[in-house]
$ cat data_3.cif   # mmCIF, C-alpha atoms
data_upload
loop_
_atom_site.label_atom_id
_atom_site.label_comp_id
_atom_site.auth_asym_id
_atom_site.auth_seq_id
_atom_site.Cartn_x
_atom_site.Cartn_y
_atom_site.Cartn_z
CA MET A 1 0.00 0.00 0.00
CA HIS A 2 2.85 2.37 0.86
CA ARG A 3 4.28 1.79 -2.64
CA PHE A 4 1.47 4.05 -3.89
CA ALA A 5 2.20 6.81 -1.35
CA ASN A 6 4.00 8.63 -4.15
CA PRO A 7 1.30 10.33 -6.30
CA ALA A 8 3.47 10.01 -9.44
CA ARG A 9 3.71 6.24 -8.97
CA PHE A 10 -0.02 6.05 -8.23
CA LEU A 11 -0.87 8.04 -11.39
CA LYS A 12 1.31 5.77 -13.53
CA ILE A 13 -1.02 2.90 -12.61
CA ALA A 14 -4.27 4.90 -12.27
CA ARG A 15 -4.18 6.33 -15.83
CA PRO A 16 -4.37 3.02 -17.74
CA ALA A 17 -6.50 1.43 -14.97
CA THR A 18 -9.19 4.13 -15.42
CA ALA A 19 -9.59 3.32 -19.12
CA TRP A 20 -9.62 -0.45 -18.60
CA LEU A 21 -12.13 -0.28 -15.74
CA LEU A 22 -14.38 1.98 -17.80
CA LEU A 23 -14.17 -0.32 -20.83
CA PHE A 24 -14.74 -3.56 -18.89
CA GLY A 25 -17.44 -1.93 -16.78
CA LEU A 26 -19.44 -0.71 -19.78
CA ALA A 27 -19.13 -4.07 -21.59
CA LEU A 28 -20.04 -6.21 -18.57
CA THR A 29 -22.94 -3.95 -17.53
CA ALA A 30 -24.35 -3.99 -21.09
CA ILE A 31 -24.13 -7.82 -21.25
CA ALA A 32 -25.67 -8.20 -17.78
CA LEU A 33 -28.55 -5.79 -18.38
CA PHE A 34 -29.33 -7.31 -21.77
CA GLY A 35 -29.25 -10.78 -20.18
CA GLY A 36 -31.38 -9.60 -17.27
CA LEU A 37 -33.98 -8.01 -19.53
CA ALA A 38 -34.10 -10.46 -22.43
CA LEU A 39 -32.54 -13.82 -21.59
CA THR A 40 -33.70 -14.68 -18.07
CA PRO A 41 -37.14 -16.09 -17.23
CA PRO A 42 -39.59 -14.16 -15.03
CA ASP A 43 -39.81 -15.21 -11.38
CA TYR A 44 -42.67 -17.61 -10.49
CA LEU A 45 -43.83 -15.27 -7.71
CA GLN A 46 -42.68 -11.73 -8.61
CA GLY A 47 -43.04 -12.03 -12.37
CA GLU A 48 -41.11 -9.50 -14.50
CA THR A 49 -40.29 -7.16 -11.58
CA VAL A 50 -37.57 -9.57 -10.42
CA ARG A 51 -35.42 -8.00 -13.20
CA ILE A 52 -35.04 -4.88 -11.02
CA MET A 53 -32.66 -7.04 -8.94
CA TYR A 54 -29.94 -6.63 -11.62
CA VAL A 55 -29.60 -2.91 -10.87
CA HIS A 56 -30.80 -2.82 -7.25
CA VAL A 57 -28.47 -5.45 -5.72
CA PRO A 58 -25.20 -4.13 -7.30
CA ALA A 59 -26.21 -0.60 -6.17
CA ALA A 60 -26.75 -1.86 -2.60
CA TRP A 61 -23.39 -3.68 -2.64
CA LEU A 62 -21.56 -0.59 -3.96
CA GLY A 63 -23.32 1.78 -1.55
CA MET A 64 -21.99 -0.34 1.32
CA ALA A 65 -18.60 -1.08 -0.29
CA GLY A 66 -18.06 2.66 -0.79
CA TRP A 67 -18.37 3.30 2.94
CA ALA A 68 -16.15 0.28 3.74
CA GLY A 69 -13.57 1.91 1.45
CA ILE A 70 -13.95 5.24 3.27
CA ALA A 71 -13.39 3.45 6.60
CA ALA A 72 -10.29 1.67 5.23
CA ALA A 73 -8.95 4.99 3.91
CA ALA A 74 -9.64 6.55 7.32
CA VAL A 75 -7.55 3.85 9.04
CA ALA A 76 -4.75 4.36 6.50
CA GLN A 77 -4.88 8.10 7.17
CA LEU A 78 -5.13 8.02 10.97
CA VAL A 79 -2.72 5.12 11.60
CA TRP A 80 -0.15 5.31 8.76
CA ARG A 81 -0.72 8.91 7.63
CA HIS A 82 -0.91 7.67 4.04
CA PRO A 83 -0.79 10.78 1.81
CA LEU A 84 -3.42 9.50 -0.63
CA ALA A 85 -5.89 8.25 2.01
CA ALA A 86 -7.83 11.53 2.38
CA VAL A 87 -7.93 11.90 -1.42
CA ALA A 88 -9.29 8.33 -1.71
CA GLY A 89 -11.92 9.02 0.97
CA ARG A 90 -13.11 12.19 -0.78
CA ALA A 91 -13.20 10.35 -4.14
CA LEU A 92 -15.16 7.38 -2.77
CA ALA A 93 -17.90 9.45 -1.14
CA PRO A 94 -19.78 10.82 -4.20
CA ALA A 95 -19.65 7.43 -5.95
CA GLY A 96 -20.90 5.65 -2.83
CA ALA A 97 -23.64 8.25 -2.29
CA THR A 98 -24.79 7.86 -5.92
CA PHE A 99 -25.10 4.07 -5.59
CA ALA A 100 -26.81 4.34 -2.18
CA ALA A 101 -29.34 6.70 -3.82
CA ILE A 102 -29.80 4.30 -6.79
CA CYS A 103 -30.37 1.46 -4.30
CA LEU A 104 -33.02 3.46 -2.41
CA MET A 105 -34.84 4.62 -5.55
CA THR A 106 -34.82 1.26 -7.38
CA GLY A 107 -35.82 -0.46 -4.12
CA SER A 108 -38.76 1.89 -3.79
CA ILE A 109 -39.79 1.22 -7.41
CA TRP A 110 -39.48 -2.55 -6.77
CA GLY A 111 -41.43 -2.26 -3.50
CA ARG A 112 -44.55 -0.75 -5.08
CA PRO A 113 -45.61 -3.79 -7.19
CA THR A 114 -44.14 -6.35 -4.75
CA TRP A 115 -45.18 -5.02 -1.33
CA GLY A 116 -47.88 -2.56 -2.40
CA THR A 117 -45.97 0.42 -0.97
CA TRP A 118 -43.21 2.79 -2.14
CA TRP A 119 -41.66 3.02 1.33
CA GLU A 120 -41.76 1.25 4.66
CA TRP A 121 -39.77 2.14 7.80
CA ASP A 122 -38.26 -1.32 7.72
CA GLY A 123 -34.82 -2.04 9.27
CA ARG A 124 -33.04 -2.53 5.93
CA LEU A 125 -34.62 0.49 4.19
CA THR A 126 -34.09 2.81 7.15
CA SER A 127 -30.45 1.80 7.72
CA MET A 128 -29.75 2.28 3.98
CA LEU A 129 -31.35 5.74 4.10
CA ILE A 130 -29.12 6.56 7.11
CA LEU A 131 -26.09 5.44 5.04
CA PHE A 132 -27.11 7.89 2.30
CA PHE A 133 -27.34 10.74 4.84
CA LEU A 134 -23.97 9.69 6.30
CA TYR A 135 -22.48 10.08 2.82
CA LEU A 136 -23.93 13.60 2.53
CA GLY A 137 -22.48 14.48 5.94
CA TYR A 138 -19.08 13.04 5.02
CA ILE A 139 -18.97 14.96 1.71
CA ALA A 140 -19.86 18.25 3.46
CA LEU A 141 -17.34 17.68 6.28
CA ALA A 142 -14.48 16.58 3.99
CA GLU A 143 -15.03 19.55 1.62
CA ALA A 144 -15.19 22.01 4.54
CA GLU A 145 -11.95 20.60 5.98
CA LYS A 146 -10.24 20.74 2.58
CA GLU A 147 -11.26 24.39 2.08
CA ARG A 148 -9.82 25.27 5.48
CA GLY A 149 -6.56 23.54 4.52
CA GLY A 150 -7.01 20.74 7.05
CA GLU A 151 -5.70 17.20 6.67
CA GLY A 152 -9.17 15.65 6.73
CA ARG A 153 -8.77 13.98 10.15
CA LEU A 154 -12.30 14.91 11.27
CA ALA A 155 -13.78 13.43 8.11
CA ALA A 156 -11.66 10.29 8.66
CA LEU A 157 -13.01 9.94 12.21
CA PHE A 158 -16.55 10.45 10.88
CA GLY A 159 -15.86 7.74 8.26
CA LEU A 160 -14.74 5.30 10.96
CA VAL A 161 -17.68 5.99 13.28
CA GLY A 162 -20.15 5.76 10.37
CA ALA A 163 -18.86 2.25 9.54
CA ILE A 164 -20.92 0.98 12.48
CA ASN A 165 -23.94 1.30 10.18
CA LEU A 166 -22.56 -1.37 7.78
CA PRO A 167 -23.20 -4.45 10.02
CA ILE A 168 -26.55 -2.90 10.96
CA ILE A 169 -27.54 -2.80 7.25
CA HIS A 170 -26.22 -6.33 6.68
CA TYR A 171 -27.93 -7.98 9.66
CA SER A 172 -31.07 -5.81 9.63
CA VAL A 173 -33.04 -8.49 7.75
CA LEU A 174 -32.20 -11.01 10.50
CA TRP A 175 -32.67 -8.69 13.50
CA TRP A 176 -35.95 -7.13 12.37
CA ARG A 177 -38.16 -9.43 10.31
CA THR A 178 -40.26 -7.00 8.32
CA LEU A 179 -41.00 -6.48 4.63
CA HIS A 180 -37.52 -6.73 3.12
CA GLN A 181 -36.57 -10.27 2.13
CA GLY A 182 -33.70 -12.09 3.84
CA GLN A 183 -30.27 -12.76 2.38
CA SER A 184 -30.35 -14.92 -0.75
CA LEU A 185 -26.73 -14.54 -1.89
CA SER A 186 -23.62 -15.03 0.23
CA ILE A 187 -20.07 -16.45 0.02
CA GLU A 188 -21.43 -19.87 1.04
CA GLY A 189 -23.90 -20.03 -1.84
CA SER A 190 -27.16 -18.77 -3.26
CA THR A 191 -30.83 -19.67 -3.08
CA ILE A 192 -31.37 -18.13 -6.54
CA GLU A 193 -31.68 -20.45 -9.57
CA PHE A 194 -28.61 -20.08 -11.85
CA SER A 195 -30.66 -19.05 -14.92
CA ILE A 196 -31.71 -15.93 -12.95
CA LEU A 197 -28.46 -15.53 -10.99
CA TRP A 198 -25.80 -15.19 -13.73
CA PRO A 199 -26.72 -11.65 -14.94
CA LEU A 200 -26.64 -10.52 -11.29
CA LEU A 201 -23.03 -11.66 -10.88
CA VAL A 202 -21.99 -10.05 -14.19
CA SER A 203 -23.91 -6.87 -13.35
CA ALA A 204 -22.27 -6.64 -9.90
CA LEU A 205 -18.83 -7.00 -11.53
CA GLY A 206 -19.68 -4.46 -14.27
CA PHE A 207 -21.03 -1.80 -11.91
CA THR A 208 -18.03 -2.40 -9.60
CA CYS A 209 -15.66 -1.65 -12.51
CA LEU A 210 -17.63 1.56 -13.29
CA PHE A 211 -17.52 2.53 -9.60
CA GLY A 212 -13.73 1.95 -9.60
CA ALA A 213 -13.34 4.07 -12.74
CA ALA A 214 -15.35 6.94 -11.19
CA VAL A 215 -13.24 6.80 -7.99
CA LEU A 216 -9.96 6.79 -9.94
CA MET A 217 -11.15 9.74 -12.09
CA ARG A 218 -12.05 11.72 -8.95
CA MET A 219 -8.68 10.88 -7.36
CA ARG A 220 -6.87 12.05 -10.50
CA ALA A 221 -8.93 15.26 -10.48
CA GLU A 222 -8.09 15.89 -6.79
CA LEU A 223 -4.37 15.27 -7.37
CA ALA A 224 -4.28 17.58 -10.41
CA GLN A 225 -6.14 20.32 -8.46
CA ALA A 226 -3.68 19.95 -5.56
CA LYS A 227 -0.78 20.29 -8.02
CA VAL A 228 -2.25 23.49 -9.50
CA GLU A 229 -2.92 24.98 -6.06
CA ALA A 230 0.60 24.15 -4.85
CA ARG A 231 2.17 25.74 -7.95
CA MET A 232 0.03 28.85 -7.61
CA ARG A 233 0.96 29.17 -3.92
CA ARG A 234 4.65 28.80 -4.81
CA ALA A 235 4.31 31.40 -7.60
CA ALA A 236 2.59 33.83 -5.22
CA ALA A 237 5.35 33.38 -2.63
CA GLU A 238 8.18 34.05 -5.15
CA MET K 1 -49.28 0.07 -14.51
CA SER K 2 -47.77 -3.08 -15.95
CA GLN K 3 -44.78 -4.80 -14.31
CA TRP K 4 -42.57 -3.70 -17.22
CA SER K 5 -43.23 -0.01 -16.39
CA PHE K 6 -41.61 -0.53 -12.96
CA VAL K 7 -38.69 -2.42 -14.51
CA THR K 8 -38.15 0.35 -17.10
CA ALA K 9 -38.30 3.08 -14.43
CA ALA K 10 -35.76 1.26 -12.21
CA TYR K 11 -33.33 0.72 -15.11
CA ALA K 12 -33.72 4.35 -16.23
CA VAL K 13 -32.92 5.63 -12.71
CA ALA K 14 -29.86 3.34 -12.40
CA LEU K 15 -28.47 4.10 -15.86
CA ILE K 16 -29.04 7.88 -15.75
CA ALA K 17 -27.49 8.18 -12.26
CA THR K 18 -24.47 6.01 -13.19
CA ALA K 19 -23.92 7.89 -16.45
CA GLY K 20 -24.24 11.21 -14.59
CA LEU K 21 -21.64 10.12 -12.01
CA LEU K 22 -19.20 8.97 -14.71
CA LEU K 23 -19.65 12.11 -16.82
CA TRP K 24 -19.17 14.39 -13.79
CA ALA K 25 -16.05 12.45 -12.67
CA TRP K 26 -14.62 12.45 -16.21
CA SER K 27 -15.26 16.16 -16.88
CA SER K 28 -13.82 17.23 -13.50
CA MET K 29 -10.74 15.07 -14.15
CA ARG K 30 -10.24 16.44 -17.68
CA LYS K 31 -10.62 20.03 -16.45
CA ALA K 32 -8.21 19.60 -13.52
CA GLU K 33 -5.58 17.72 -15.56
CA ALA K 34 -5.79 20.28 -18.39
CA ALA K 35 -5.24 23.10 -15.86
CA ALA K 36 -2.23 21.24 -14.39
CA ASP K 37 -0.75 20.62 -17.87
CA GLU K 38 -1.32 24.27 -18.85
CA LEU K 39 0.53 25.47 -15.75
CA LYS K 40 3.39 23.06 -16.47
CA ARG K 41 3.67 24.36 -20.06
CA ARG K 42 3.75 27.99 -18.92
CA ARG K 43 6.72 27.40 -16.59
#
$ encode --input "data_3.cif" --output "structure tokens"
Amino acid sequence: MHRFANPARFLKIARPATAWLLLFGLALTAIALFGGLALTPPDYLQGETVRIMYVHVPAAWLGMAGWAGIAAAAVAQLVWRHPLAAVAGRALAPAGATFAAICLMTGSIWGRPTWGTWWEWDGRLTSMLILFFLYLGYIALAEAEKERGGEGRLAALFGLVGAINLPIIHYSVLWWRTLHQGQSLSIEGSTIEFSILWPLLVSALGFTCLFGAAVLMRMRAELAQAKVEARMRRAAAE
Amino acid sequence: MSQWSFVTAAYAVALIATAGLLLWAWSSMRKAEAAADELKRRR
């Protein structure tokens, strides 16, 4: 990890990685969504609406993965003072917030025909909504600290404390048995029939590549802005 | 509303939001890197 502490070394890898992630992400997402819409059978119970799973589940995974990344960056910043950790945290937040919002909106659209309601104050839905608000708080705090010339330690602490919401989201369907269905996909296996499952796996991989590309692009933008600001400060001092 | 209307709405939300995120990230990166390159050229 410390090999990438040098921004020049990081950029040498990030530049080609951005293009590859974007390319793979677009191709995999297109294949998965086509498969999900045209090649898979409807569910015996939910009918055609089961196809919403191919955008909803990857969005939920990335909304949570984004905050896990923020927490990991916070540890790297607070413990090892990694110079790119704050940049990574700031780059992860808008991407994570976008996917948390997609998860909430597509979940609401899926809920209407399945449960008969757009929204329910269920454990899973409420904890996901809290995650979205945590993202907004993190973005505001990190930007305010950056403008003041701070190192982003407050935002890092906020990122670590906010990570407590991740196990709450994960276990919410077990702790509070309400409308949201239980877990049907885990490392141990899946209860979903393979003819319906495969586009979900491809879609999760595709959206993850797009998420990675967006984060790398934001990190490159932050590093270039920092370079410009440093040069302008130096020029003003001369 | 038919079931397909809900499916279409969910896909539209997901695709528009993802495309918006990627376009915003790409344009901010291009702008920042162009400014950094311009400053380097001027020196």
$ resolve_selection --input "data_3.cif" --expression "the PyMOL selection byres ((chain A) within 6 of (chain K))" --output "list in words"
Glu48, Thr49, Ile52, Ile102, Thr106, Ala214, Met217, Arg218, Ala221, Ala224, Gln225 and Val228 of chain A
$ resolve_selection --input "data_3.cif" --expression "the PyMOL selection byres ((chain A and resi 8-15) around 10)" --output "ChimeraX atom specification"
/A:3-7,16-20,84,213,216-217,219-220,223
$ write_last_selection --input "data_3.cif" --atoms "C-alpha atoms" --output "CSV table (one decimal), in the frame of the given file"
chain,number,residue,atom,x,y,z
A,3,ARG,CA,4.3,1.8,-2.6
A,4,PHE,CA,1.5,4.0,-3.9
A,5,ALA,CA,2.2,6.8,-1.4
A,6,ASN,CA,4.0,8.6,-4.2
A,7,PRO,CA,1.3,10.3,-6.3
A,16,PRO,CA,-4.4,3.0,-17.7
A,17,ALA,CA,-6.5,1.4,-15.0
A,18,THR,CA,-9.2,4.1,-15.4
A,19,ALA,CA,-9.6,3.3,-19.1
A,20,TRP,CA,-9.6,-0.4,-18.6
A,84,LEU,CA,-3.4,9.5,-0.6
A,213,ALA,CA,-13.3,4.1,-12.7
A,216,LEU,CA,-10.0,6.8,-9.9
A,217,MET,CA,-11.2,9.7,-12.1
A,219,MET,CA,-8.7,10.9,-7.4
A,220,ARG,CA,-6.9,12.0,-10.5
A,223,LEU,CA,-4.4,15.3,-7.4
$ atom_distance --input "data_3.cif" --atom1 "CA of Met128 in chain A" --atom2 "CA of Ala27 in chain A"
28.4 Å
$ axis_aligned_box --input "data_3.cif" --around "range 16-19 of chain K" --padding-each-side "4 Å" --output "JSON"
{"center_x": -26.5, "center_y": 7.1, "center_z": -14.4, "size_x": 13.1, "size_y": 10.2, "size_z": 12.2}
$ resolve_selection --input "data_3.cif" --expression "the PyMOL selection byres ((chain A and resi 208) around 9)" --output "PyMOL selection string"
chain A and resi 21+25+58+61-62+203-207+209-213
$ build_atoms --input "data_3.cif" --residues "range 6-35 of chain K" --atoms "N, CA and C atoms" --output "PDB file, in the frame of the given file"
ATOM      1  N   PHE K   6     -42.468  -0.640 -14.148  1.00  0.00           N
ATOM      2  CA  PHE K   6     -41.610  -0.530 -12.960  1.00  0.00           C
ATOM      3  C   PHE K   6     -40.167  -0.916 -13.303  1.00  0.00           C
ATOM      4  N   VAL K   7     -40.033  -1.969 -14.110  1.00  0.00           N
ATOM      5  CA  VAL K   7     -38.690  -2.420 -14.510  1.00  0.00           C
ATOM      6  C   VAL K   7     -37.998  -1.308 -15.300  1.00  0.00           C
ATOM      7  N   THR K   8     -38.715  -0.713 -16.257  1.00  0.00           N
ATOM      8  CA  THR K   8     -38.150   0.350 -17.100  1.00  0.00           C
ATOM      9  C   THR K   8     -37.736   1.553 -16.234  1.00  0.00           C
ATOM     10  N   ALA K   9     -38.603   1.926 -15.293  1.00  0.00           N
ATOM     11  CA  ALA K   9     -38.300   3.080 -14.430  1.00  0.00           C
ATOM     12  C   ALA K   9     -37.045   2.812 -13.597  1.00  0.00           C
ATOM     13  N   ALA K  10     -36.922   1.593 -13.041  1.00  0.00           N
ATOM     14  CA  ALA K  10     -35.760   1.260 -12.210  1.00  0.00           C
ATOM     15  C   ALA K  10     -34.477   1.286 -13.036  1.00  0.00           C
ATOM     16  N   TYR K  11     -34.520   0.725 -14.256  1.00  0.00           N
ATOM     17  CA  TYR K  11     -33.330   0.720 -15.110  1.00  0.00           C
ATOM     18  C   TYR K  11     -32.961   2.145 -15.532  1.00  0.00           C
ATOM     19  N   ALA K  12     -33.980   2.965 -15.818  1.00  0.00           N
ATOM     20  CA  ALA K  12     -33.720   4.350 -16.230  1.00  0.00           C
ATOM     21  C   ALA K  12     -33.024   5.108 -15.094  1.00  0.00           C
ATOM     22  N   VAL K  13     -33.527   4.956 -13.871  1.00  0.00           N
ATOM     23  CA  VAL K  13     -32.920   5.630 -12.710  1.00  0.00           C
ATOM     24  C   VAL K  13     -31.456   5.193 -12.562  1.00  0.00           C
ATOM     25  N   ALA K  14     -31.218   3.876 -12.616  1.00  0.00           N
ATOM     26  CA  ALA K  14     -29.860   3.340 -12.400  1.00  0.00           C
ATOM     27  C   ALA K  14     -28.909   3.811 -13.504  1.00  0.00           C
ATOM     28  N   LEU K  15     -29.365   3.758 -14.757  1.00  0.00           N
ATOM     29  CA  LEU K  15     -28.470   4.100 -15.860  1.00  0.00           C
ATOM     30  C   LEU K  15     -28.199   5.602 -15.923  1.00  0.00           C
ATOM     31  N   ILE K  16     -29.236   6.420 -15.700  1.00  0.00           N
ATOM     32  CA  ILE K  16     -29.040   7.880 -15.750  1.00  0.00           C
ATOM     33  C   ILE K  16     -28.113   8.324 -14.609  1.00  0.00           C
ATOM     34  N   ALA K  17     -28.323   7.789 -13.407  1.00  0.00           N
ATOM     35  CA  ALA K  17     -27.490   8.180 -12.260  1.00  0.00           C
ATOM     36  C   ALA K  17     -26.048   7.726 -12.458  1.00  0.00           C
ATOM     37  N   THR K  18     -25.841   6.499 -12.960  1.00  0.00           N
ATOM     38  CA  THR K  18     -24.470   6.010 -13.190  1.00  0.00           C
ATOM     39  C   THR K  18     -23.786   6.824 -14.277  1.00  0.00           C
ATOM     40  N   ALA K  19     -24.503   7.096 -15.368  1.00  0.00           N
ATOM     41  CA  ALA K  19     -23.920   7.890 -16.450  1.00  0.00           C
ATOM     42  C   ALA K  19     -23.598   9.300 -15.954  1.00  0.00           C
ATOM     43  N   GLY K  20     -24.479   9.871 -15.143  1.00  0.00           N
ATOM     44  CA  GLY K  20     -24.240  11.210 -14.590  1.00  0.00           C
ATOM     45  C   GLY K  20     -22.991  11.229 -13.719  1.00  0.00           C
ATOM     46  N   LEU K  21     -22.826  10.209 -12.879  1.00  0.00           N
ATOM     47  CA  LEU K  21     -21.640  10.120 -12.010  1.00  0.00           C
ATOM     48  C   LEU K  21     -20.367  10.027 -12.853  1.00  0.00           C
ATOM     49  N   LEU K  22     -20.389   9.161 -13.877  1.00  0.00           N
ATOM     50  CA  LEU K  22     -19.200   8.970 -14.710  1.00  0.00           C
ATOM     51  C   LEU K  22     -18.866  10.229 -15.501  1.00  0.00           C
ATOM     52  N   LEU K  23     -19.898  10.887 -16.039  1.00  0.00           N
ATOM     53  CA  LEU K  23     -19.650  12.110 -16.820  1.00  0.00           C
ATOM     54  C   LEU K  23     -19.081  13.223 -15.943  1.00  0.00           C
ATOM     55  N   TRP K  24     -19.652  13.360 -14.733  1.00  0.00           N
ATOM     56  CA  TRP K  24     -19.170  14.390 -13.790  1.00  0.00           C
ATOM     57  C   TRP K  24     -17.714  14.100 -13.405  1.00  0.00           C
ATOM     58  N   ALA K  25     -17.414  12.817 -13.072  1.00  0.00           N
ATOM     59  CA  ALA K  25     -16.050  12.450 -12.670  1.00  0.00           C
ATOM     60  C   ALA K  25     -15.081  12.683 -13.822  1.00  0.00           C
ATOM     61  N   TRP K  26     -15.498  12.314 -15.040  1.00  0.00           N
ATOM     62  CA  TRP K  26     -14.620  12.450 -16.210  1.00  0.00           C
ATOM     63  C   TRP K  26     -14.381  13.936 -16.531  1.00  0.00           C
ATOM     64  N   SER K  27     -15.441  14.745 -16.515  1.00  0.00           N
ATOM     65  CA  SER K  27     -15.260  16.160 -16.880  1.00  0.00           C
ATOM     66  C   SER K  27     -14.428  16.886 -15.816  1.00  0.00           C
ATOM     67  N   SER K  28     -14.621  16.558 -14.534  1.00  0.00           N
ATOM     68  CA  SER K  28     -13.820  17.230 -13.500  1.00  0.00           C
ATOM     69  C   SER K  28     -12.357  16.806 -13.612  1.00  0.00           C
ATOM     70  N   MET K  29     -12.116  15.540 -13.982  1.00  0.00           N
ATOM     71  CA  MET K  29     -10.740  15.070 -14.150  1.00  0.00           C
ATOM     72  C   MET K  29     -10.063  15.749 -15.350  1.00  0.00           C
ATOM     73  N   ARG K  30     -10.798  15.813 -16.466  1.00  0.00           N
ATOM     74  CA  ARG K  30     -10.240  16.440 -17.680  1.00  0.00           C
ATOM     75  C   ARG K  30      -9.894  17.900 -17.417  1.00  0.00           C
ATOM     76  N   LYS K  31     -10.818  18.602 -16.729  1.00  0.00           N
ATOM     77  CA  LYS K  31     -10.620  20.030 -16.450  1.00  0.00           C
ATOM     78  C   LYS K  31      -9.395  20.236 -15.555  1.00  0.00           C
ATOM     79  N   ALA K  32      -9.311  19.443 -14.483  1.00  0.00           N
ATOM     80  CA  ALA K  32      -8.210  19.600 -13.520  1.00  0.00           C
ATOM     81  C   ALA K  32      -6.873  19.225 -14.165  1.00  0.00           C
ATOM     82  N   GLU K  33      -6.842  18.132 -14.939  1.00  0.00           N
ATOM     83  CA  GLU K  33      -5.580  17.720 -15.560  1.00  0.00           C
ATOM     84  C   GLU K  33      -5.155  18.691 -16.655  1.00  0.00           C
ATOM     85  N   ALA K  34      -6.130  19.280 -17.361  1.00  0.00           N
ATOM     86  CA  ALA K  34      -5.790  20.280 -18.390  1.00  0.00           C
ATOM     87  C   ALA K  34      -5.205  21.522 -17.722  1.00  0.00           C
ATOM     88  N   ALA K  35      -5.759  21.931 -16.588  1.00  0.00           N
ATOM     89  CA  ALA K  35      -5.240  23.100 -15.860  1.00  0.00           C
ATOM     90  C   ALA K  35      -3.820  22.824 -15.368  1.00  0.00           C
TER      91      ALA K  35
END
